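Notes to accompany the following structure.
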Amino acid sequence: MTSSNDQLNINICKKCILPETFPGISFNDQGICNHCQREEKRLEKMPEKKESYRQKLDQLIAEIRDKSPAYDVITAYSGGKDSSYTLKLLRENYDLRILAMSFDNHFVSSLSWDNIYNVTNKLDVDYINFRPPWLIMKKIFSMTAREDIFPMPTLLRASAICTACIGLVKSLVLKTALEMEIPLVAFGWSPGQAPIQSAIMKTNPSLIRQNQLALKKALALTNSRGLDRYFIPETYYTNYKDRFPYNIHPLAFFDYNEDQIVQQLNTLDWRIPTDTDTNSTNCLLNAFGNHCHLERHRFHPYVWEIANMVRQGIVDREEGIDKIYSRQDQKMVEYARKRLGL
Ligand SMILES: [Zn+2]
């Protein structure tokens, strides 16, 4: 088992926090990693870039507003800090007709349900929850806990458990958008999780089809019957070809400060859950996913995200180190392991 102490003995970049165990990493004489060196120029242009994306979103919203019979935007809503803040932004800055959709993976913390209830009510948005049966989720999570069914580029950014779960979320949200003719799909990716370049992007049906096939193939190993119902039916690619929405993740180009976000969310009666690990504000499975990933790959599945935010000056380096390298959530790990019967 990889302990946090093992992790502390690993050399990490002097600027961000990527470890020497991160695949493909190299360091210069000053101990700065190749990612920091490459990003330096791009980061200088970040303020202008963010401004241009805010204008781009204004434009897009002007184009789509009130065009759809029901909603302007569907938001993938976990009840966590980032998606709650995204919901608030879209509601208060743009006054959109929003449908918030959550995915109950059977590991959502009970405090998170309270947060979902409070935030959707206070923001006056419609809300639906989607919950597959426990046996299906158990199979998917047990499998991804034991083996990496995804290619390495994916696993650099998230654990296999997280990737499987998010894959289903993305699929279900898109499916709902197509069925309800909703032109925008919003995600609460943090500025470290997803690059600004993809922050406003029209979905590409053939690319979606490829991703769906890959995920279906990976998950087929569970032998769960009927997983097809969570994916985009083949007919949608022709029947709804003009309905493919824009994906947006606004936190990439709005000011992002964790303390301020929490403060603002408090006004909506959102509270920091005390029953989750340090990298998630809604999921009780996350710590176990991190643990399995760390054991297999010797780098933390959140290190890419947090390193990006350290580089952007959004997260203090010491705080980043603390999030990734100092703490063990052994109780949370055991809780999930026990429930999955592993
Ligand atoms: Zn670095």
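Here's how to read the names in the structure tokens: chain A, B, ... by the order shown, residue numbers from 1 in each chain, ligand numbers from 1 in the order shown.
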
| task | Please identify the residues whose atoms come within 12 Å of ligand 1, using only C-alpha atoms and all ligand atoms, and report them as a ChimeraX atom specification. | result | /A:11-20,22,25-28,30-40,303-312,317

Would you mind exporting the chosen residues as a tab-separated table (two decimals), in the first residue's frame, restricted to N, CA and C atoms?
```tsv
chain	number	residue	atom	x	y	z
A	11	ASN	N	10.17	13.42	-4.96
A	11	ASN	CA	10.50	14.78	-5.38
A	11	ASN	C	9.35	15.39	-6.16
A	12	ILE	N	9.07	16.66	-5.86
A	12	ILE	CA	8.00	17.32	-6.61
A	12	ILE	C	8.53	18.62	-7.22
A	13	CYS	N	7.85	19.08	-8.26
A	13	CYS	CA	8.23	20.32	-8.95
A	13	CYS	C	8.29	21.49	-7.96
A	14	LYS	N	9.31	22.32	-8.11
A	14	LYS	CA	9.50	23.44	-7.18
A	14	LYS	C	8.46	24.55	-7.41
A	15	LYS	N	7.80	24.50	-8.56
A	15	LYS	CA	6.85	25.57	-8.85
A	15	LYS	C	5.40	25.09	-8.66
A	16	CYS	N	5.02	24.04	-9.39
A	16	CYS	CA	3.70	23.46	-9.14
A	16	CYS	C	3.92	22.32	-8.13
A	17	ILE	N	3.12	21.31	-8.17
A	17	ILE	CA	3.33	20.22	-7.20
A	17	ILE	C	3.37	18.85	-7.87
A	18	LEU	N	3.60	18.82	-9.19
A	18	LEU	CA	3.62	17.51	-9.87
A	18	LEU	C	4.83	16.69	-9.38
A	19	PRO	N	4.62	15.41	-9.12
A	19	PRO	CA	5.69	14.57	-8.59
A	19	PRO	C	6.52	13.91	-9.69
A	20	GLU	N	7.69	13.44	-9.34
A	20	GLU	CA	8.56	12.74	-10.30
A	20	GLU	C	7.93	11.45	-10.80
A	22	PHE	N	4.95	11.27	-11.90
A	22	PHE	CA	3.93	11.60	-12.91
A	22	PHE	C	4.45	11.20	-14.31
A	25	ILE	N	7.02	13.20	-17.00
A	25	ILE	CA	7.52	14.47	-16.43
A	25	ILE	C	9.05	14.55	-16.54
A	26	SER	N	9.55	15.78	-16.70
A	26	SER	CA	11.00	16.00	-16.61
A	26	SER	C	11.22	17.33	-15.90
A	27	PHE	N	12.40	17.49	-15.33
A	27	PHE	CA	12.69	18.71	-14.56
A	27	PHE	C	13.94	19.40	-15.10
A	28	ASN	N	13.96	20.74	-15.04
A	28	ASN	CA	15.19	21.45	-15.41
A	28	ASN	C	16.12	21.59	-14.19
A	30	GLN	N	16.63	23.90	-12.21
A	30	GLN	CA	16.03	24.54	-11.03
A	30	GLN	C	14.93	23.69	-10.39
A	31	GLY	N	14.74	22.51	-10.91
A	31	GLY	CA	13.71	21.63	-10.35
A	31	GLY	C	12.30	22.00	-10.79
A	32	ILE	N	12.21	22.74	-11.91
A	32	ILE	CA	10.90	23.13	-12.45
A	32	ILE	C	10.50	22.13	-13.53
A	33	CYS	N	9.25	21.69	-13.50
A	33	CYS	CA	8.83	20.62	-14.41
A	33	CYS	C	8.55	21.15	-15.83
A	34	ASN	N	8.52	20.22	-16.78
A	34	ASN	CA	8.28	20.59	-18.18
A	34	ASN	C	6.91	21.23	-18.39
A	35	HIS	N	5.92	20.86	-17.56
A	35	HIS	CA	4.58	21.46	-17.71
A	35	HIS	C	4.61	22.93	-17.30
A	36	CYS	N	5.29	23.25	-16.22
A	36	CYS	CA	5.41	24.65	-15.78
A	36	CYS	C	6.15	25.47	-16.83
A	37	GLN	N	7.21	24.90	-17.41
A	37	GLN	CA	8.00	25.63	-18.41
A	37	GLN	C	7.13	25.93	-19.64
A	38	ARG	N	6.35	24.91	-20.05
A	38	ARG	CA	5.53	25.07	-21.24
A	38	ARG	C	4.39	26.06	-21.03
A	39	GLU	N	3.84	26.08	-19.80
A	39	GLU	CA	2.65	26.90	-19.52
A	39	GLU	C	2.97	28.38	-19.28
A	40	GLU	N	4.26	28.69	-19.04
A	40	GLU	CA	4.62	30.03	-18.59
A	40	GLU	C	4.06	31.14	-19.49
A	303	VAL	N	-3.63	15.35	-8.63
A	303	VAL	CA	-2.44	16.20	-8.63
A	303	VAL	C	-2.36	17.09	-9.87
A	304	TRP	N	-2.87	16.58	-10.99
A	304	TRP	CA	-2.87	17.38	-12.22
A	304	TRP	C	-3.72	18.63	-12.05
A	305	GLU	N	-4.93	18.43	-11.51
A	305	GLU	CA	-5.85	19.55	-11.29
A	305	GLU	C	-5.26	20.58	-10.31
A	306	ILE	N	-4.78	20.07	-9.18
A	306	ILE	CA	-4.29	21.00	-8.15
A	306	ILE	C	-3.01	21.70	-8.64
A	307	ALA	N	-2.14	20.97	-9.36
A	307	ALA	CA	-0.92	21.58	-9.90
A	307	ALA	C	-1.28	22.72	-10.86
A	308	ASN	N	-2.28	22.51	-11.69
A	308	ASN	CA	-2.73	23.57	-12.60
A	308	ASN	C	-3.18	24.80	-11.82
A	309	MET	N	-3.89	24.56	-10.73
A	309	MET	CA	-4.42	25.70	-9.97
A	309	MET	C	-3.31	26.41	-9.20
A	310	VAL	N	-2.29	25.64	-8.78
A	310	VAL	CA	-1.14	26.27	-8.12
A	310	VAL	C	-0.43	27.17	-9.13
A	311	ARG	N	-0.22	26.66	-10.33
A	311	ARG	CA	0.44	27.42	-11.40
A	311	ARG	C	-0.31	28.70	-11.74
A	312	GLN	N	-1.65	28.61	-11.71
A	312	GLN	CA	-2.48	29.78	-12.03
A	312	GLN	C	-2.63	30.74	-10.84
A	317	ARG	N	0.64	27.12	-3.04
A	317	ARG	CA	1.41	25.88	-3.22
A	317	ARG	C	1.39	25.01	-1.96
```

Closest-contact table, stretch 165-246 of chain A side, partner stretch 44-54 of chain A, 9 Å, counting only C-alpha atoms, as CSV:
```
residue,atom,partner,partner_atom,distance
A:Ile196,CA,A:Lys50,CA,7.8
A:Ala199,CA,A:Tyr53,CA,7.9
A:Ile200,CA,A:Tyr53,CA,7.7
```

| message | Given only C-alpha atoms as the basis, pick out the residue of A:Val169, A:Met180, A:Ala214, A:Ile314 nearest to A:Pro245. | response |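 For A:Pro245, the nearest of the candidates is A:Met180.
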
| said: Using only C-alpha atoms, which protein or nucleic acid residues come within 9 Å of stretch 108-116 of chain A? Drop anything in the same chain fewer than 2 positions from it, and give the result as a PyMOL selection string. | reply: chain A and resi 77-80+84+102-106+118-121+127+268-276+281-285

The selected residues should be written to file as a PDB file, in the first residue's frame (atoms: N, CA and C atoms).
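Below is the file out-v2.pdb, written as the result:
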```pdb
ATOM      1  N   TYR A  77     -25.195  18.667 -12.057  1.00  0.00           N
ATOM      2  CA  TYR A  77     -25.133  19.235 -10.710  1.00  0.00           C
ATOM      3  C   TYR A  77     -24.883  18.176  -9.638  1.00  0.00           C
ATOM      4  N   SER A  78     -23.686  18.213  -9.068  1.00  0.00           N
ATOM      5  CA  SER A  78     -23.331  17.208  -8.061  1.00  0.00           C
ATOM      6  C   SER A  78     -23.658  17.669  -6.649  1.00  0.00           C
ATOM      7  N   GLY A  79     -23.930  18.960  -6.487  1.00  0.00           N
ATOM      8  CA  GLY A  79     -24.113  19.493  -5.134  1.00  0.00           C
ATOM      9  C   GLY A  79     -22.804  19.927  -4.507  1.00  0.00           C
ATOM     10  N   GLY A  80     -21.691  19.633  -5.178  1.00  0.00           N
ATOM     11  CA  GLY A  80     -20.379  20.067  -4.685  1.00  0.00           C
ATOM     12  C   GLY A  80     -20.200  21.563  -4.874  1.00  0.00           C
ATOM     13  N   SER A  84     -22.195  23.903  -7.681  1.00  0.00           N
ATOM     14  CA  SER A  84     -23.150  24.825  -7.034  1.00  0.00           C
ATOM     15  C   SER A  84     -22.854  26.254  -7.455  1.00  0.00           C
ATOM     16  N   SER A 102     -28.796  15.917 -11.263  1.00  0.00           N
ATOM     17  CA  SER A 102     -27.752  15.235 -10.492  1.00  0.00           C
ATOM     18  C   SER A 102     -27.788  13.743 -10.774  1.00  0.00           C
ATOM     19  N   PHE A 103     -26.696  13.102 -10.430  1.00  0.00           N
ATOM     20  CA  PHE A 103     -26.533  11.679 -10.669  1.00  0.00           C
ATOM     21  C   PHE A 103     -26.248  11.043  -9.316  1.00  0.00           C
ATOM     22  N   ASP A 104     -27.160  10.196  -8.881  1.00  0.00           N
ATOM     23  CA  ASP A 104     -26.972   9.551  -7.580  1.00  0.00           C
ATOM     24  C   ASP A 104     -26.179   8.262  -7.794  1.00  0.00           C
ATOM     25  N   ASN A 105     -24.886   8.319  -7.456  1.00  0.00           N
ATOM     26  CA  ASN A 105     -24.037   7.130  -7.636  1.00  0.00           C
ATOM     27  C   ASN A 105     -24.042   6.242  -6.383  1.00  0.00           C
ATOM     28  N   HIS A 106     -24.964   6.529  -5.482  1.00  0.00           N
ATOM     29  CA  HIS A 106     -25.118   5.803  -4.210  1.00  0.00           C
ATOM     30  C   HIS A 106     -24.021   6.151  -3.206  1.00  0.00           C
ATOM     31  N   ASN A 118     -31.172  22.946  -0.879  1.00  0.00           N
ATOM     32  CA  ASN A 118     -31.145  24.380  -0.552  1.00  0.00           C
ATOM     33  C   ASN A 118     -30.788  25.245  -1.757  1.00  0.00           C
ATOM     34  N   VAL A 119     -29.746  24.841  -2.484  1.00  0.00           N
ATOM     35  CA  VAL A 119     -29.258  25.673  -3.590  1.00  0.00           C
ATOM     36  C   VAL A 119     -30.279  25.753  -4.727  1.00  0.00           C
ATOM     37  N   THR A 120     -30.853  24.622  -5.105  1.00  0.00           N
ATOM     38  CA  THR A 120     -31.819  24.655  -6.221  1.00  0.00           C
ATOM     39  C   THR A 120     -33.057  25.462  -5.833  1.00  0.00           C
ATOM     40  N   ASN A 121     -33.457  25.350  -4.564  1.00  0.00           N
ATOM     41  CA  ASN A 121     -34.608  26.124  -4.101  1.00  0.00           C
ATOM     42  C   ASN A 121     -34.331  27.608  -4.091  1.00  0.00           C
ATOM     43  N   TYR A 127     -35.104  20.870 -10.937  1.00  0.00           N
ATOM     44  CA  TYR A 127     -34.078  19.897 -10.585  1.00  0.00           C
ATOM     45  C   TYR A 127     -34.586  18.472 -10.809  1.00  0.00           C
ATOM     46  N   LEU A 268     -26.629  30.860   0.060  1.00  0.00           N
ATOM     47  CA  LEU A 268     -27.681  29.974  -0.462  1.00  0.00           C
ATOM     48  C   LEU A 268     -27.920  28.790   0.478  1.00  0.00           C
ATOM     49  N   ASP A 269     -27.408  28.909   1.698  1.00  0.00           N
ATOM     50  CA  ASP A 269     -27.487  27.824   2.690  1.00  0.00           C
ATOM     51  C   ASP A 269     -26.724  26.575   2.263  1.00  0.00           C
ATOM     52  N   TRP A 270     -25.690  26.758   1.461  1.00  0.00           N
ATOM     53  CA  TRP A 270     -24.787  25.649   1.115  1.00  0.00           C
ATOM     54  C   TRP A 270     -23.726  25.585   2.206  1.00  0.00           C
ATOM     55  N   ARG A 271     -23.491  24.388   2.716  1.00  0.00           N
ATOM     56  CA  ARG A 271     -22.488  24.231   3.783  1.00  0.00           C
ATOM     57  C   ARG A 271     -21.412  23.247   3.350  1.00  0.00           C
ATOM     58  N   ILE A 272     -20.183  23.476   3.799  1.00  0.00           N
ATOM     59  CA  ILE A 272     -19.103  22.542   3.484  1.00  0.00           C
ATOM     60  C   ILE A 272     -19.392  21.204   4.165  1.00  0.00           C
ATOM     61  N   PRO A 273     -19.535  20.128   3.370  1.00  0.00           N
ATOM     62  CA  PRO A 273     -19.770  18.834   4.013  1.00  0.00           C
ATOM     63  C   PRO A 273     -18.571  18.434   4.876  1.00  0.00           C
ATOM     64  N   THR A 274     -18.864  17.871   6.014  1.00  0.00           N
ATOM     65  CA  THR A 274     -17.789  17.454   6.915  1.00  0.00           C
ATOM     66  C   THR A 274     -17.557  15.957   6.801  1.00  0.00           C
ATOM     67  N   ASP A 275     -18.322  15.300   5.920  1.00  0.00           N
ATOM     68  CA  ASP A 275     -18.228  13.846   5.835  1.00  0.00           C
ATOM     69  C   ASP A 275     -17.557  13.362   4.548  1.00  0.00           C
ATOM     70  N   THR A 276     -16.825  14.259   3.852  1.00  0.00           N
ATOM     71  CA  THR A 276     -16.131  13.832   2.632  1.00  0.00           C
ATOM     72  C   THR A 276     -14.628  14.066   2.788  1.00  0.00           C
ATOM     73  N   THR A 281     -16.346  17.735  -2.311  1.00  0.00           N
ATOM     74  CA  THR A 281     -17.327  18.268  -1.373  1.00  0.00           C
ATOM     75  C   THR A 281     -18.682  17.594  -1.576  1.00  0.00           C
ATOM     76  N   ASN A 282     -18.683  16.403  -2.136  1.00  0.00           N
ATOM     77  CA  ASN A 282     -19.963  15.714  -2.253  1.00  0.00           C
ATOM     78  C   ASN A 282     -19.912  14.187  -2.277  1.00  0.00           C
ATOM     79  N   CYS A 283     -18.752  13.588  -2.588  1.00  0.00           N
ATOM     80  CA  CYS A 283     -18.752  12.160  -2.875  1.00  0.00           C
ATOM     81  C   CYS A 283     -18.017  11.338  -1.816  1.00  0.00           C
ATOM     82  N   LEU A 284     -18.691  10.297  -1.334  1.00  0.00           N
ATOM     83  CA  LEU A 284     -18.113   9.442  -0.294  1.00  0.00           C
ATOM     84  C   LEU A 284     -17.263   8.306  -0.879  1.00  0.00           C
ATOM     85  N   LEU A 285     -17.182   8.256  -2.201  1.00  0.00           N
ATOM     86  CA  LEU A 285     -16.391   7.215  -2.854  1.00  0.00           C
ATOM     87  C   LEU A 285     -15.034   7.752  -3.291  1.00  0.00           C
TER      88      LEU A 285
END
```

| field | Test item: residues at most 9 Å from A:Lys170, only C-alpha atoms, excluding those fewer than 5 positions along its chain, as a ChimeraX atom specification | value | /A:76,165,175

Output C-alpha atoms for every residue in the selection just made, as a PDB file, in the first residue's frame.
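Once written, result-v7.pdb looks like this:
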```
ATOM      1  CA  ALA A  76     -24.612  18.641 -14.397  1.00  0.00           C
ATOM      2  CA  CYS A 165     -18.884   7.773 -13.020  1.00  0.00           C
ATOM      3  CA  LYS A 175     -28.970  12.552 -23.703  1.00  0.00           C
TER       4      LYS A 175
END
```

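Considering the residues A:Ser68, A:Lys331, A:Leu340, A:Phe231 and counting only C-alpha atoms, A:Ile140 has its shortest atom-to-atom contact with A:Leu340.
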
| message | Using only C-alpha atoms for the distances, tell me which of A:Tyr335, A:Phe253, A:Phe107, A:Tyr85 is nearest to A:Cys162. | response |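 Result for the nearest residue to A:Cys162: A:Phe107.
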
| task | Point out the residue among A:Arg146, A:Leu168, A:Leu96, A:Leu60 with the least atom-to-atom distance to A:Lys202, counting only C-alpha atoms. | result | A:Leu60

| task | May I have the residues within 12 Å of A:Ala100 as a PyMOL selection string, using only C-alpha atoms and disregarding those fewer than 6 positions away in the same chain? | result | chain A and resi 71-79+83-84+86-88+90-91+116-117+119-121+123-130+173+176-177+182+184-188

Keeping only C-alpha atoms, write the selected residues to a file as a CSV table (one decimal), in the first residue's frame.
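For reference, selection.csv as written:
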```csv
chain,number,residue,atom,x,y,z
A,71,TYR,CA,-34.7,25.3,-20.8
A,72,ASP,CA,-31.8,27.3,-22.0
A,73,VAL,CA,-29.2,25.2,-20.1
A,74,ILE,CA,-28.9,21.9,-18.3
A,75,THR,CA,-26.3,21.8,-15.6
A,76,ALA,CA,-24.6,18.6,-14.4
A,77,TYR,CA,-25.1,19.2,-10.7
A,78,SER,CA,-23.3,17.2,-8.1
A,79,GLY,CA,-24.1,19.5,-5.1
A,83,SER,CA,-21.1,22.9,-9.6
A,84,SER,CA,-23.2,24.8,-7.0
A,86,THR,CA,-21.6,27.3,-11.6
A,87,LEU,CA,-25.4,27.1,-11.1
A,88,LYS,CA,-25.3,30.4,-9.1
A,90,LEU,CA,-25.6,31.0,-14.6
A,91,ARG,CA,-28.7,31.9,-12.7
A,116,ILE,CA,-28.7,20.3,-3.5
A,117,TYR,CA,-32.1,21.0,-1.9
A,119,VAL,CA,-29.3,25.7,-3.6
A,120,THR,CA,-31.8,24.7,-6.2
A,121,ASN,CA,-34.6,26.1,-4.1
A,123,LEU,CA,-31.8,29.8,-7.0
A,124,ASP,CA,-35.3,28.9,-8.2
A,125,VAL,CA,-34.2,26.3,-10.7
A,126,ASP,CA,-35.8,23.0,-11.7
A,127,TYR,CA,-34.1,19.9,-10.6
A,128,ILE,CA,-34.1,16.2,-11.5
A,129,ASN,CA,-32.1,13.3,-10.1
A,130,PHE,CA,-31.0,10.2,-11.9
A,173,VAL,CA,-26.8,15.0,-19.3
A,176,THR,CA,-31.4,14.7,-21.7
A,177,ALA,CA,-30.3,17.8,-23.5
A,182,ILE,CA,-31.6,22.2,-24.6
A,184,LEU,CA,-26.4,24.4,-23.5
A,185,VAL,CA,-24.8,21.9,-21.2
A,186,ALA,CA,-22.9,23.3,-18.3
A,187,PHE,CA,-20.3,21.6,-16.1
A,188,GLY,CA,-18.6,22.9,-13.0
```

Output as a tab-separated table (two decimals) with C-alpha atoms, in the first residue's frame all residues of stretch 292-329 of chain A that backbone DSSP marks as helix (DSSP H, G or I).
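Contents of out_23.tsv, freshly written:
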```tsv
chain	number	residue	atom	x	y	z
A	292	CYS	CA	-6.77	2.71	-5.60
A	293	HIS	CA	-5.21	5.06	-8.15
A	294	LEU	CA	-2.32	5.99	-5.86
A	295	GLU	CA	-1.62	2.36	-5.14
A	296	ARG	CA	-1.42	1.48	-8.82
A	297	HIS	CA	0.22	4.58	-10.29
A	303	VAL	CA	-2.44	16.20	-8.63
A	304	TRP	CA	-2.87	17.38	-12.22
A	305	GLU	CA	-5.85	19.55	-11.29
A	306	ILE	CA	-4.29	21.00	-8.15
A	307	ALA	CA	-0.92	21.58	-9.90
A	308	ASN	CA	-2.73	23.57	-12.60
A	309	MET	CA	-4.42	25.70	-9.97
A	310	VAL	CA	-1.14	26.27	-8.12
A	311	ARG	CA	0.44	27.42	-11.40
A	317	ARG	CA	1.41	25.88	-3.22
A	318	GLU	CA	1.57	24.86	0.46
A	319	GLU	CA	-2.17	24.32	0.48
A	320	GLY	CA	-1.86	22.23	-2.69
A	321	ILE	CA	0.83	20.09	-1.11
A	322	ASP	CA	-1.40	19.66	1.90
A	323	LYS	CA	-4.37	18.59	-0.23
A	324	ILE	CA	-2.39	16.04	-2.21
A	325	TYR	CA	0.48	14.81	-0.08
A	326	SER	CA	-0.29	15.19	3.60
```

| request: Using only C-alpha atoms, determine which residues lie at most 10 Å from A:Gln330, disregarding the query and same-chain residues fewer than 5 positions distant; provide the list as a PyMOL selection string. | output: chain A and resi 277+287-288+291+335

How would the residues just picked look written out with C-alpha atoms as a PDB file, in the first residue's frame?
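What ended up in out.pdb:
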```pdb
ATOM      1  CA  ASP A 277     -12.387  13.838   1.865  1.00  0.00           C
ATOM      2  CA  ALA A 287     -11.199   8.860  -1.222  1.00  0.00           C
ATOM      3  CA  PHE A 288     -11.314   5.185  -2.174  1.00  0.00           C
ATOM      4  CA  HIS A 291      -6.452   5.371  -2.862  1.00  0.00           C
ATOM      5  CA  TYR A 335     -16.116   2.873   4.320  1.00  0.00           C
TER       6      TYR A 335
END
```

| query | If you measure from atom CA of A:Ile149 to atom CA of A:Asn9, what distance in Å do you get, rounded to one decimal? | reply | 28.8 Å
